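> I have a structure here, written as structure tokens, and I will follow up with some questions on it.
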Amino acid sequence: MSKRISACGLLVALAMIFSYIETLIPINLGLPGMKLGIANLVIVIGLYLLKPQEVLLISLVRIFLIGFLFGNGMSILYSLAGGLVSFFAMLLLKRSEKFSVVGVSLFGGSMHNVGQLFIAAAVVENAKIFYYLPPLLCVGCVTGILIGLLALRILPTGQKIIQNAGTL
Amino acid sequence: MKKNDYILAAFIFLFAGLLSAIIFVSGNERGNFVTVTVDKKVYGTYSLSENQDIEIDTEFGHNVLHIENGSVSMTEADCPDGYCKRQGEISTEKEAIVCLPHKLIVEIESADEQNEEDYDFLVR
Ligand SMILES: [Zn+2]
């Protein structure tokens, strides 16, 4: 049990490092609600190695910690919308067993941006913001594919570590 | 990777493409004034026919809007992401410049001839 908790803590730390790295990458396409979603790598991999509720917890803890450290109430709200929509979208696809980790990740990436855009539309109370939906979907899909390909390479190692650690 | 991964990716791009096409053909009216809304309240309306720089100072921050030859762009902003400055020029009713950290949206609208009085009132 304590092993599981420390594994989760480790993944939260890793996700936070990824979130921090993302703030250092100056990609500005001018798309409201866009995120690269590097931290999503941890969530994608977690979905294949841990219980869903543990992954959800990791995601939520990361969002609140990053929000308190670098953001504000609004940025937490955006991340929460993106994070939750993307988590449940990916869980659904993974459970269907019809997709590989790449498919799961690319769907999560797209849905993350859609989730954030809906919050943005509510904040400005204006539907014209959906003008940015098509490019956001595409960017989310592309970053999701890249994250998914990374996950595809990392997963075998992750599974070995979990096996060697015995019953977590 | 599975075949379904490719299908899903293709579907997302196709959906985005279709959406873009719909947006491309609709709402291309050029409008005649600009509305700036901050935190759901109208901050100001400005005529598109007049070249001008508009300073927007609110509790959320500072933005400068530039109107030139019927096109609008965000030339200055002290928001953390700077996305609004990258959104380029807008000139049609379907487009909008959004500065999320400042809860600000800039849109182009039109007042028709019958509402000339409203329009005059708006731009003053
Ligand atoms: Zn801005």
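Chains: A, B, ... in order of the structure tokens. Residues: from 1 per chain. Ligands: from 1, in order shown.
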According to DSSP computed on the backbone, where in chain A is there alpha helix (DSSP H)? Give the residues as a ChimeraX atom specification.
/A:2-24,40-49,52-70,73-96,101-124,133-164
> Take the residues from that selection and put them in a file with C-alpha atoms, as a CSV table (one decimal), in the first residue's frame.

```csv
chain,number,residue,atom,x,y,z
A,2,SER,CA,2.7,2.5,1.0
A,3,LYS,CA,4.6,1.4,-2.2
A,4,ARG,CA,1.6,2.4,-4.2
A,5,ILE,CA,1.4,5.8,-2.5
A,6,SER,CA,5.0,6.5,-3.0
A,7,ALA,CA,4.7,5.5,-6.7
A,8,CYS,CA,1.8,8.0,-7.1
A,9,GLY,CA,3.9,10.7,-5.3
A,10,LEU,CA,6.7,10.0,-7.7
A,11,LEU,CA,4.5,10.4,-10.7
A,12,VAL,CA,3.0,13.6,-9.4
A,13,ALA,CA,6.5,15.0,-9.1
A,14,LEU,CA,7.3,13.8,-12.6
A,15,ALA,CA,4.1,15.4,-14.0
A,16,MET,CA,5.0,18.6,-12.2
A,17,ILE,CA,8.5,18.7,-13.7
A,18,PHE,CA,6.8,18.2,-17.1
A,19,SER,CA,4.4,21.0,-16.4
A,20,TYR,CA,7.3,23.2,-15.4
A,21,ILE,CA,9.3,22.3,-18.6
A,22,GLU,CA,6.2,23.2,-20.6
A,23,THR,CA,6.2,26.7,-19.2
A,24,LEU,CA,9.8,27.1,-20.4
A,40,ASN,CA,-0.2,14.2,-20.0
A,41,LEU,CA,2.6,11.7,-20.7
A,42,VAL,CA,2.4,10.7,-17.1
A,43,ILE,CA,-1.4,10.4,-17.2
A,44,VAL,CA,-1.3,8.3,-20.3
A,45,ILE,CA,1.3,5.9,-18.9
A,46,GLY,CA,-0.4,5.8,-15.6
A,47,LEU,CA,-3.6,4.7,-17.3
A,48,TYR,CA,-1.8,1.5,-18.4
A,49,LEU,CA,0.1,0.8,-15.1
A,52,PRO,CA,-7.9,4.7,-12.8
A,53,GLN,CA,-8.7,6.4,-9.5
A,54,GLU,CA,-5.0,6.6,-8.8
A,55,VAL,CA,-4.3,8.3,-12.1
A,56,LEU,CA,-7.2,10.7,-11.5
A,57,LEU,CA,-5.7,11.6,-8.1
A,58,ILE,CA,-2.3,12.2,-9.7
A,59,SER,CA,-3.8,14.4,-12.3
A,60,LEU,CA,-5.8,16.5,-9.8
A,61,VAL,CA,-2.9,16.8,-7.3
A,62,ARG,CA,-0.7,18.0,-10.2
A,63,ILE,CA,-3.2,20.5,-11.4
A,64,PHE,CA,-3.8,22.1,-8.0
A,65,LEU,CA,-0.1,22.1,-7.0
A,66,ILE,CA,1.0,23.7,-10.4
A,67,GLY,CA,-2.0,26.1,-10.1
A,68,PHE,CA,-1.0,27.3,-6.6
A,69,LEU,CA,2.7,27.5,-7.6
A,70,PHE,CA,2.6,29.2,-11.0
A,73,GLY,CA,-7.8,30.5,-9.7
A,74,MET,CA,-8.6,31.0,-13.3
A,75,SER,CA,-5.7,28.9,-14.6
A,76,ILE,CA,-6.7,26.1,-12.2
A,77,LEU,CA,-10.2,26.2,-13.6
A,78,TYR,CA,-8.9,25.9,-17.2
A,79,SER,CA,-6.5,23.1,-16.3
A,80,LEU,CA,-9.2,21.2,-14.3
A,81,ALA,CA,-11.6,21.3,-17.3
A,82,GLY,CA,-9.0,20.2,-19.7
A,83,GLY,CA,-7.6,17.6,-17.4
A,84,LEU,CA,-10.9,16.0,-16.4
A,85,VAL,CA,-12.3,15.9,-20.0
A,86,SER,CA,-9.1,14.5,-21.3
A,87,PHE,CA,-8.8,11.9,-18.4
A,88,PHE,CA,-12.3,10.5,-18.9
A,89,ALA,CA,-12.0,10.6,-22.7
A,90,MET,CA,-8.8,8.6,-22.5
A,91,LEU,CA,-10.2,6.2,-19.9
A,92,LEU,CA,-13.2,5.5,-22.2
A,93,LEU,CA,-11.0,4.8,-25.2
A,94,LYS,CA,-8.6,2.6,-23.2
A,95,ARG,CA,-11.5,0.6,-21.7
A,96,SER,CA,-12.9,-0.1,-25.2
A,101,VAL,CA,-1.8,4.0,-26.4
A,102,VAL,CA,-1.3,6.4,-29.4
A,103,GLY,CA,-5.0,6.5,-30.2
A,104,VAL,CA,-5.8,7.0,-26.5
A,105,SER,CA,-3.3,9.8,-26.2
A,106,LEU,CA,-4.3,11.7,-29.4
A,107,PHE,CA,-7.9,11.7,-28.3
A,108,GLY,CA,-7.0,12.9,-24.8
A,109,GLY,CA,-4.9,15.7,-26.4
A,110,SER,CA,-7.7,16.9,-28.6
A,111,MET,CA,-10.3,16.7,-25.9
A,112,HIS,CA,-8.1,18.6,-23.4
A,113,ASN,CA,-8.1,21.6,-25.7
A,114,VAL,CA,-11.8,21.3,-26.3
A,115,GLY,CA,-12.4,21.2,-22.5
A,116,GLN,CA,-10.4,24.4,-22.0
A,117,LEU,CA,-12.1,26.2,-24.9
A,118,PHE,CA,-15.5,25.5,-23.4
A,119,ILE,CA,-14.4,27.1,-20.1
A,120,ALA,CA,-13.0,30.0,-22.1
A,121,ALA,CA,-16.3,30.4,-23.9
A,122,ALA,CA,-18.1,30.5,-20.5
A,123,VAL,CA,-15.6,33.0,-19.1
A,124,VAL,CA,-16.0,35.5,-22.0
A,133,LEU,CA,-11.8,25.1,-32.3
A,134,PRO,CA,-10.5,23.6,-35.6
A,135,PRO,CA,-6.8,24.5,-35.1
A,136,LEU,CA,-7.0,23.6,-31.4
A,137,LEU,CA,-8.3,20.1,-32.3
A,138,CYS,CA,-5.5,19.6,-34.8
A,139,VAL,CA,-2.8,20.8,-32.5
A,140,GLY,CA,-4.1,18.7,-29.6
A,141,CYS,CA,-4.2,15.7,-32.0
A,142,VAL,CA,-0.6,16.2,-33.1
A,143,THR,CA,0.8,16.7,-29.6
A,144,GLY,CA,-1.3,13.7,-28.5
A,145,ILE,CA,0.3,11.5,-31.2
A,146,LEU,CA,3.8,12.6,-30.1
A,147,ILE,CA,3.0,11.9,-26.4
A,148,GLY,CA,1.5,8.6,-27.4
A,149,LEU,CA,4.5,7.5,-29.4
A,150,LEU,CA,6.7,8.4,-26.4
A,151,ALA,CA,4.4,6.4,-24.2
A,152,LEU,CA,4.6,3.4,-26.6
A,153,ARG,CA,8.3,3.3,-26.0
A,154,ILE,CA,8.3,3.9,-22.3
A,155,LEU,CA,5.5,1.5,-21.4
A,156,PRO,CA,7.4,-1.8,-21.7
A,157,THR,CA,10.1,-0.4,-19.2
A,158,GLY,CA,7.4,0.8,-16.9
A,159,GLN,CA,5.7,-2.5,-16.9
A,160,LYS,CA,9.0,-4.3,-16.1
A,161,ILE,CA,9.7,-1.9,-13.2
A,162,ILE,CA,6.2,-2.6,-11.8
A,163,GLN,CA,6.7,-6.4,-12.1
A,164,ASN,CA,10.1,-6.3,-10.5
```
> Collect all residues with atoms no farther than 9 Å from ligand 1, counting only C-alpha atoms and all ligand atoms, and output them as a list in words.
Gly30 of chain A; His62, Asn63, Met74, Glu76, Ala77, Asp78, Cys79, Pro80, Asp81, Gly82, Tyr83, Cys84, Lys85, Arg86, Ile97, Val98, Cys99, Leu100, Pro101, His102, Lys103 and Leu104 of chain B
> Write the residues you've just listed into a file as a PDB file, in the first residue's frame, and include N, CA and C atoms for each of them.

```pdb
ATOM      1  N   GLY A  30      -1.013  31.556 -30.505  1.00  0.00           N
ATOM      2  CA  GLY A  30      -2.140  32.462 -30.326  1.00  0.00           C
ATOM      3  C   GLY A  30      -3.480  31.766 -30.190  1.00  0.00           C
TER       4      GLY A  30
ATOM      5  N   HIS B  62      -3.401  45.499 -19.230  1.00  0.00           N
ATOM      6  CA  HIS B  62      -3.307  46.529 -20.256  1.00  0.00           C
ATOM      7  C   HIS B  62      -3.234  45.894 -21.651  1.00  0.00           C
ATOM      8  N   ASN B  63      -4.050  46.401 -22.570  1.00  0.00           N
ATOM      9  CA  ASN B  63      -3.999  45.962 -23.970  1.00  0.00           C
ATOM     10  C   ASN B  63      -4.101  47.184 -24.869  1.00  0.00           C
ATOM     11  N   MET B  74      -4.346  43.195 -32.087  1.00  0.00           N
ATOM     12  CA  MET B  74      -3.865  43.518 -30.746  1.00  0.00           C
ATOM     13  C   MET B  74      -2.370  43.752 -30.861  1.00  0.00           C
ATOM     14  N   GLU B  76      -0.418  45.452 -28.394  1.00  0.00           N
ATOM     15  CA  GLU B  76       0.289  45.398 -27.113  1.00  0.00           C
ATOM     16  C   GLU B  76      -0.581  44.707 -26.086  1.00  0.00           C
ATOM     17  N   ALA B  77       0.048  43.956 -25.200  1.00  0.00           N
ATOM     18  CA  ALA B  77      -0.684  43.313 -24.111  1.00  0.00           C
ATOM     19  C   ALA B  77       0.308  42.872 -23.051  1.00  0.00           C
ATOM     20  N   ASP B  78      -0.063  43.047 -21.790  1.00  0.00           N
ATOM     21  CA  ASP B  78       0.843  42.599 -20.732  1.00  0.00           C
ATOM     22  C   ASP B  78       0.354  41.301 -20.084  1.00  0.00           C
ATOM     23  N   CYS B  79      -0.445  40.533 -20.839  1.00  0.00           N
ATOM     24  CA  CYS B  79      -0.918  39.251 -20.329  1.00  0.00           C
ATOM     25  C   CYS B  79       0.239  38.238 -20.313  1.00  0.00           C
ATOM     26  N   PRO B  80       0.177  37.249 -19.415  1.00  0.00           N
ATOM     27  CA  PRO B  80       1.306  36.314 -19.325  1.00  0.00           C
ATOM     28  C   PRO B  80       1.531  35.455 -20.584  1.00  0.00           C
ATOM     29  N   ASP B  81       0.470  35.096 -21.300  1.00  0.00           N
ATOM     30  CA  ASP B  81       0.693  34.192 -22.436  1.00  0.00           C
ATOM     31  C   ASP B  81       0.963  34.913 -23.763  1.00  0.00           C
ATOM     32  N   GLY B  82       0.476  36.136 -23.915  1.00  0.00           N
ATOM     33  CA  GLY B  82       0.723  36.877 -25.147  1.00  0.00           C
ATOM     34  C   GLY B  82       0.034  36.296 -26.377  1.00  0.00           C
ATOM     35  N   TYR B  83      -0.933  35.413 -26.152  1.00  0.00           N
ATOM     36  CA  TYR B  83      -1.624  34.767 -27.276  1.00  0.00           C
ATOM     37  C   TYR B  83      -2.374  35.792 -28.131  1.00  0.00           C
ATOM     38  N   CYS B  84      -2.961  36.798 -27.468  1.00  0.00           N
ATOM     39  CA  CYS B  84      -3.807  37.752 -28.202  1.00  0.00           C
ATOM     40  C   CYS B  84      -3.017  38.504 -29.270  1.00  0.00           C
ATOM     41  N   LYS B  85      -1.723  38.748 -28.985  1.00  0.00           N
ATOM     42  CA  LYS B  85      -0.898  39.481 -29.951  1.00  0.00           C
ATOM     43  C   LYS B  85      -0.582  38.633 -31.185  1.00  0.00           C
ATOM     44  N   ARG B  86      -0.740  37.304 -31.034  1.00  0.00           N
ATOM     45  CA  ARG B  86      -0.430  36.408 -32.144  1.00  0.00           C
ATOM     46  C   ARG B  86      -1.653  36.086 -32.999  1.00  0.00           C
ATOM     47  N   ILE B  97     -10.705  38.461 -31.416  1.00  0.00           N
ATOM     48  CA  ILE B  97      -9.407  38.415 -30.738  1.00  0.00           C
ATOM     49  C   ILE B  97      -9.702  38.184 -29.268  1.00  0.00           C
ATOM     50  N   VAL B  98      -9.078  37.178 -28.706  1.00  0.00           N
ATOM     51  CA  VAL B  98      -9.372  36.807 -27.334  1.00  0.00           C
ATOM     52  C   VAL B  98      -8.122  36.918 -26.480  1.00  0.00           C
ATOM     53  N   CYS B  99      -8.235  37.613 -25.358  1.00  0.00           N
ATOM     54  CA  CYS B  99      -7.157  37.632 -24.371  1.00  0.00           C
ATOM     55  C   CYS B  99      -7.735  37.034 -23.097  1.00  0.00           C
ATOM     56  N   LEU B 100      -7.557  35.733 -22.938  1.00  0.00           N
ATOM     57  CA  LEU B 100      -8.190  35.040 -21.819  1.00  0.00           C
ATOM     58  C   LEU B 100      -7.720  35.518 -20.447  1.00  0.00           C
ATOM     59  N   PRO B 101      -6.405  35.724 -20.255  1.00  0.00           N
ATOM     60  CA  PRO B 101      -5.984  36.169 -18.915  1.00  0.00           C
ATOM     61  C   PRO B 101      -6.645  37.497 -18.515  1.00  0.00           C
ATOM     62  N   HIS B 102      -6.979  38.324 -19.499  1.00  0.00           N
ATOM     63  CA  HIS B 102      -7.622  39.610 -19.207  1.00  0.00           C
ATOM     64  C   HIS B 102      -9.134  39.554 -19.399  1.00  0.00           C
ATOM     65  N   LYS B 103      -9.670  38.344 -19.614  1.00  0.00           N
ATOM     66  CA  LYS B 103     -11.112  38.133 -19.821  1.00  0.00           C
ATOM     67  C   LYS B 103     -11.668  39.067 -20.892  1.00  0.00           C
ATOM     68  N   LEU B 104     -10.886  39.249 -21.935  1.00  0.00           N
ATOM     69  CA  LEU B 104     -11.201  40.264 -22.938  1.00  0.00           C
ATOM     70  C   LEU B 104     -11.477  39.621 -24.296  1.00  0.00           C
TER      71      LEU B 104
END
```
> Taking only chain B into account, list the residues labelled strand (DSSP E or B) by DSSP (computed from the backbone), as a PyMOL selection string.
chain B and resi 33-38+41-47+52-58+61-68+71-77+90+96-99+104-109
> Take the residues that were just selected and, keeping N, CA and C atoms, output them as a short mmCIF file (atom, residue, chain, number, x, y, z; two decimals), in the first residue's frame.

```cif
data_model
loop_
_atom_site.label_atom_id
_atom_site.label_comp_id
_atom_site.auth_asym_id
_atom_site.auth_seq_id
_atom_site.Cartn_x
_atom_site.Cartn_y
_atom_site.Cartn_z
N PHE B 33 -18.16 48.33 -36.91
CA PHE B 33 -17.58 48.79 -35.64
C PHE B 33 -17.03 47.62 -34.81
N VAL B 34 -16.21 47.98 -33.86
CA VAL B 34 -15.55 46.99 -33.02
C VAL B 34 -16.09 47.09 -31.61
N THR B 35 -16.40 45.95 -31.01
CA THR B 35 -16.83 45.94 -29.62
C THR B 35 -15.77 45.25 -28.77
N VAL B 36 -15.37 45.92 -27.72
CA VAL B 36 -14.43 45.33 -26.77
C VAL B 36 -15.20 45.00 -25.51
N THR B 37 -15.16 43.73 -25.10
CA THR B 37 -15.87 43.29 -23.91
C THR B 37 -14.86 42.77 -22.90
N VAL B 38 -14.95 43.26 -21.68
CA VAL B 38 -14.05 42.80 -20.62
C VAL B 38 -14.90 42.28 -19.47
N LYS B 41 -18.66 42.60 -19.63
CA LYS B 41 -19.25 43.94 -19.74
C LYS B 41 -18.62 44.68 -20.92
N VAL B 42 -19.45 45.38 -21.68
CA VAL B 42 -18.93 46.12 -22.83
C VAL B 42 -18.01 47.23 -22.34
N TYR B 43 -16.78 47.20 -22.80
CA TYR B 43 -15.80 48.20 -22.40
C TYR B 43 -15.89 49.42 -23.31
N GLY B 44 -16.13 49.15 -24.59
CA GLY B 44 -16.27 50.26 -25.52
C GLY B 44 -16.55 49.78 -26.92
N THR B 45 -17.10 50.68 -27.75
CA THR B 45 -17.30 50.36 -29.16
C THR B 45 -16.61 51.45 -29.98
N TYR B 46 -15.98 51.02 -31.07
CA TYR B 46 -15.16 51.95 -31.85
C TYR B 46 -15.42 51.77 -33.34
N SER B 47 -15.38 52.86 -34.05
CA SER B 47 -15.64 52.79 -35.49
C SER B 47 -14.48 52.13 -36.21
N GLN B 52 -7.09 54.06 -35.70
CA GLN B 52 -6.82 54.52 -34.34
C GLN B 52 -6.20 53.42 -33.48
N ASP B 53 -5.56 53.85 -32.39
CA ASP B 53 -5.07 52.93 -31.38
C ASP B 53 -5.92 53.10 -30.14
N ILE B 54 -6.38 51.99 -29.59
CA ILE B 54 -7.25 52.06 -28.43
C ILE B 54 -6.55 51.43 -27.23
N GLU B 55 -6.38 52.22 -26.20
CA GLU B 55 -5.77 51.72 -24.97
C GLU B 55 -6.86 51.12 -24.09
N ILE B 56 -6.66 49.89 -23.67
CA ILE B 56 -7.63 49.25 -22.79
C ILE B 56 -6.95 48.96 -21.46
N ASP B 57 -7.34 49.69 -20.45
CA ASP B 57 -6.77 49.47 -19.13
C ASP B 57 -7.87 49.04 -18.17
N THR B 58 -7.75 47.83 -17.63
CA THR B 58 -8.75 47.31 -16.70
C THR B 58 -8.03 46.72 -15.50
N GLY B 61 -5.54 44.09 -16.64
CA GLY B 61 -4.28 44.42 -17.30
C GLY B 61 -4.45 45.42 -18.42
N HIS B 62 -3.40 45.50 -19.23
CA HIS B 62 -3.31 46.53 -20.26
C HIS B 62 -3.23 45.89 -21.65
N ASN B 63 -4.05 46.40 -22.57
CA ASN B 63 -4.00 45.96 -23.97
C ASN B 63 -4.10 47.18 -24.87
N VAL B 64 -3.48 47.09 -26.04
CA VAL B 64 -3.65 48.15 -27.03
C VAL B 64 -4.16 47.52 -28.33
N LEU B 65 -5.28 48.07 -28.78
CA LEU B 65 -5.93 47.58 -29.98
C LEU B 65 -5.63 48.57 -31.11
N HIS B 66 -5.31 48.03 -32.27
CA HIS B 66 -4.95 48.88 -33.40
C HIS B 66 -5.96 48.69 -34.52
N ILE B 67 -6.57 49.79 -34.96
CA ILE B 67 -7.53 49.73 -36.07
C ILE B 67 -6.92 50.42 -37.27
N GLU B 68 -6.83 49.69 -38.36
CA GLU B 68 -6.27 50.29 -39.56
C GLU B 68 -6.94 49.71 -40.80
N SER B 71 -9.28 46.81 -40.45
CA SER B 71 -8.80 45.61 -39.77
C SER B 71 -8.39 45.94 -38.35
N VAL B 72 -8.54 44.96 -37.47
CA VAL B 72 -8.24 45.17 -36.06
C VAL B 72 -7.19 44.16 -35.61
N SER B 73 -6.21 44.63 -34.85
CA SER B 73 -5.25 43.69 -34.28
C SER B 73 -4.84 44.14 -32.88
N MET B 74 -4.35 43.19 -32.09
CA MET B 74 -3.87 43.52 -30.75
C MET B 74 -2.37 43.75 -30.86
N THR B 75 -1.94 44.98 -30.63
CA THR B 75 -0.53 45.28 -30.82
C THR B 75 0.26 45.22 -29.52
N GLU B 76 -0.42 45.45 -28.39
CA GLU B 76 0.29 45.40 -27.11
C GLU B 76 -0.58 44.71 -26.09
N ALA B 77 0.05 43.96 -25.20
CA ALA B 77 -0.68 43.31 -24.11
C ALA B 77 0.31 42.87 -23.05
N ILE B 90 -8.10 40.94 -37.60
CA ILE B 90 -9.44 40.44 -37.88
C ILE B 90 -10.22 41.54 -38.61
N ALA B 96 -12.66 36.84 -33.89
CA ALA B 96 -12.56 37.49 -32.59
C ALA B 96 -11.12 37.42 -32.12
N ILE B 97 -10.71 38.46 -31.42
CA ILE B 97 -9.41 38.41 -30.74
C ILE B 97 -9.70 38.18 -29.27
N VAL B 98 -9.08 37.18 -28.71
CA VAL B 98 -9.37 36.81 -27.33
C VAL B 98 -8.12 36.92 -26.48
N CYS B 99 -8.23 37.61 -25.36
CA CYS B 99 -7.16 37.63 -24.37
C CYS B 99 -7.74 37.03 -23.10
N LEU B 104 -10.89 39.25 -21.94
CA LEU B 104 -11.20 40.26 -22.94
C LEU B 104 -11.48 39.62 -24.30
N ILE B 105 -12.51 40.11 -24.96
CA ILE B 105 -12.79 39.64 -26.31
C ILE B 105 -13.12 40.84 -27.20
N VAL B 106 -12.53 40.82 -28.39
CA VAL B 106 -12.73 41.90 -29.35
C VAL B 106 -13.48 41.32 -30.53
N GLU B 107 -14.61 41.90 -30.88
CA GLU B 107 -15.35 41.38 -32.02
C GLU B 107 -15.80 42.51 -32.94
N ILE B 108 -16.05 42.12 -34.18
CA ILE B 108 -16.51 43.08 -35.18
C ILE B 108 -18.00 42.89 -35.37
N GLU B 109 -18.71 43.99 -35.37
CA GLU B 109 -20.15 43.90 -35.55
C GLU B 109 -20.59 44.96 -36.55
#
```
> May I ask for the distance between atom CA of B:Met1 and atom CA of A:Phe99, given in Å to one decimal place?
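Rounded to one decimal, the two atoms are 7.6 Å apart.
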> Between atom CA of B:Asn51 and atom CA of B:Asn32, what is the spacing in Å?
12.4 Å
> So which one's closest to chain B, A:Leu36, A:Ala127, A:Leu31, A:Ala165? Using only C-alpha atoms, please.
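Of all the options, A:Leu31 lies closest to chain B.
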> For atom CA of B:Ile23 and atom CA of B:Lys94, quote the distance in Å rounded to one decimal.
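Separation between atom CA of B:Ile23 and atom CA of B:Lys94: 7.7 Å.
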